[in-house]
Amino acid sequence: MKVMNPLLEKQPKQFGIGGALPPKKDVHMFVRWPPVVQIQRKRRILMQRLKVPPALKQFTKTLDKNLGISFVVCIAFFIIICGLLCIILRV
């Protein structure tokens, strides 16, 4: 059996006046958020709850600028090739 030194024995923390500081609490929900953030969160919850028709749903996930530019360049390339094929096949 191990002998414990009474000076090194663990004491419970006293959070009263003049005692130890209490542990930090998560006050995330009690913060007053800017109106823009509130609107963004409400819109996100609405989109999750509502059933959106597919015709409108397609615009919620759009391409970023770099991917959009590369997509347009790729489509333009295929349009040019299809145009040349049509001209060749008509002759």
# chains A, B, ... in the order shown; residues from 1 in each chain; ligands from 1
$ residues_around --residues "range 60-68 of chain A" --least-positions-apart "5" --cutoff "12 Å" --atoms "only C-alpha atoms" --output "PyMOL selection string"
chain A and resi 43-44+47-48+52-55+73-75
$ write_last_selection --atoms "N, CA, C and O atoms" --output "PDB file, in the first residue's frame"
ATOM      1  N   ARG A  43     -31.677  31.788 -42.659  1.00  0.00           N
ATOM      2  CA  ARG A  43     -31.839  31.330 -44.039  1.00  0.00           C
ATOM      3  C   ARG A  43     -31.391  29.881 -44.169  1.00  0.00           C
ATOM      4  O   ARG A  43     -32.026  29.069 -44.839  1.00  0.00           O
ATOM      5  N   ARG A  44     -30.284  29.538 -43.505  1.00  0.00           N
ATOM      6  CA  ARG A  44     -29.772  28.161 -43.573  1.00  0.00           C
ATOM      7  C   ARG A  44     -30.765  27.178 -42.966  1.00  0.00           C
ATOM      8  O   ARG A  44     -31.027  26.110 -43.521  1.00  0.00           O
ATOM      9  N   MET A  47     -33.731  26.783 -45.361  1.00  0.00           N
ATOM     10  CA  MET A  47     -33.406  25.944 -46.512  1.00  0.00           C
ATOM     11  C   MET A  47     -33.371  24.472 -46.133  1.00  0.00           C
ATOM     12  O   MET A  47     -33.681  23.606 -46.957  1.00  0.00           O
ATOM     13  N   GLN A  48     -32.984  24.170 -44.904  1.00  0.00           N
ATOM     14  CA  GLN A  48     -32.970  22.779 -44.468  1.00  0.00           C
ATOM     15  C   GLN A  48     -34.385  22.260 -44.231  1.00  0.00           C
ATOM     16  O   GLN A  48     -34.672  21.089 -44.476  1.00  0.00           O
ATOM     17  N   VAL A  52     -37.456  22.627 -51.444  1.00  0.00           N
ATOM     18  CA  VAL A  52     -37.254  23.573 -52.533  1.00  0.00           C
ATOM     19  C   VAL A  52     -37.370  22.815 -53.848  1.00  0.00           C
ATOM     20  O   VAL A  52     -36.803  21.738 -53.999  1.00  0.00           O
ATOM     21  N   PRO A  53     -38.115  23.361 -54.832  1.00  0.00           N
ATOM     22  CA  PRO A  53     -38.215  22.693 -56.128  1.00  0.00           C
ATOM     23  C   PRO A  53     -36.844  22.585 -56.808  1.00  0.00           C
ATOM     24  O   PRO A  53     -35.990  23.454 -56.619  1.00  0.00           O
ATOM     25  N   PRO A  54     -36.636  21.547 -57.602  1.00  0.00           N
ATOM     26  CA  PRO A  54     -35.331  21.350 -58.243  1.00  0.00           C
ATOM     27  C   PRO A  54     -34.913  22.516 -59.137  1.00  0.00           C
ATOM     28  O   PRO A  54     -33.728  22.797 -59.280  1.00  0.00           O
ATOM     29  N   ALA A  55     -35.896  23.207 -59.742  1.00  0.00           N
ATOM     30  CA  ALA A  55     -35.561  24.326 -60.618  1.00  0.00           C
ATOM     31  C   ALA A  55     -34.877  25.450 -59.841  1.00  0.00           C
ATOM     32  O   ALA A  55     -34.032  26.169 -60.383  1.00  0.00           O
ATOM     33  N   VAL A  73     -14.324  27.975 -70.718  1.00  0.00           N
ATOM     34  CA  VAL A  73     -13.283  27.746 -71.732  1.00  0.00           C
ATOM     35  C   VAL A  73     -13.441  26.359 -72.345  1.00  0.00           C
ATOM     36  O   VAL A  73     -13.345  26.185 -73.567  1.00  0.00           O
ATOM     37  N   CYS A  74     -13.715  25.371 -71.510  1.00  0.00           N
ATOM     38  CA  CYS A  74     -13.892  23.997 -71.993  1.00  0.00           C
ATOM     39  C   CYS A  74     -15.101  23.901 -72.925  1.00  0.00           C
ATOM     40  O   CYS A  74     -15.029  23.289 -73.995  1.00  0.00           O
ATOM     41  N   ILE A  75     -16.214  24.508 -72.524  1.00  0.00           N
ATOM     42  CA  ILE A  75     -17.428  24.483 -73.365  1.00  0.00           C
ATOM     43  C   ILE A  75     -17.191  25.220 -74.680  1.00  0.00           C
ATOM     44  O   ILE A  75     -17.625  24.761 -75.749  1.00  0.00           O
TER      45      ILE A  75
END
$ select_by_dssp --residues "chain A" --states "alpha helix (DSSP H)" --output "PyMOL selection string"
chain A and resi 35-49+54-57+65-90
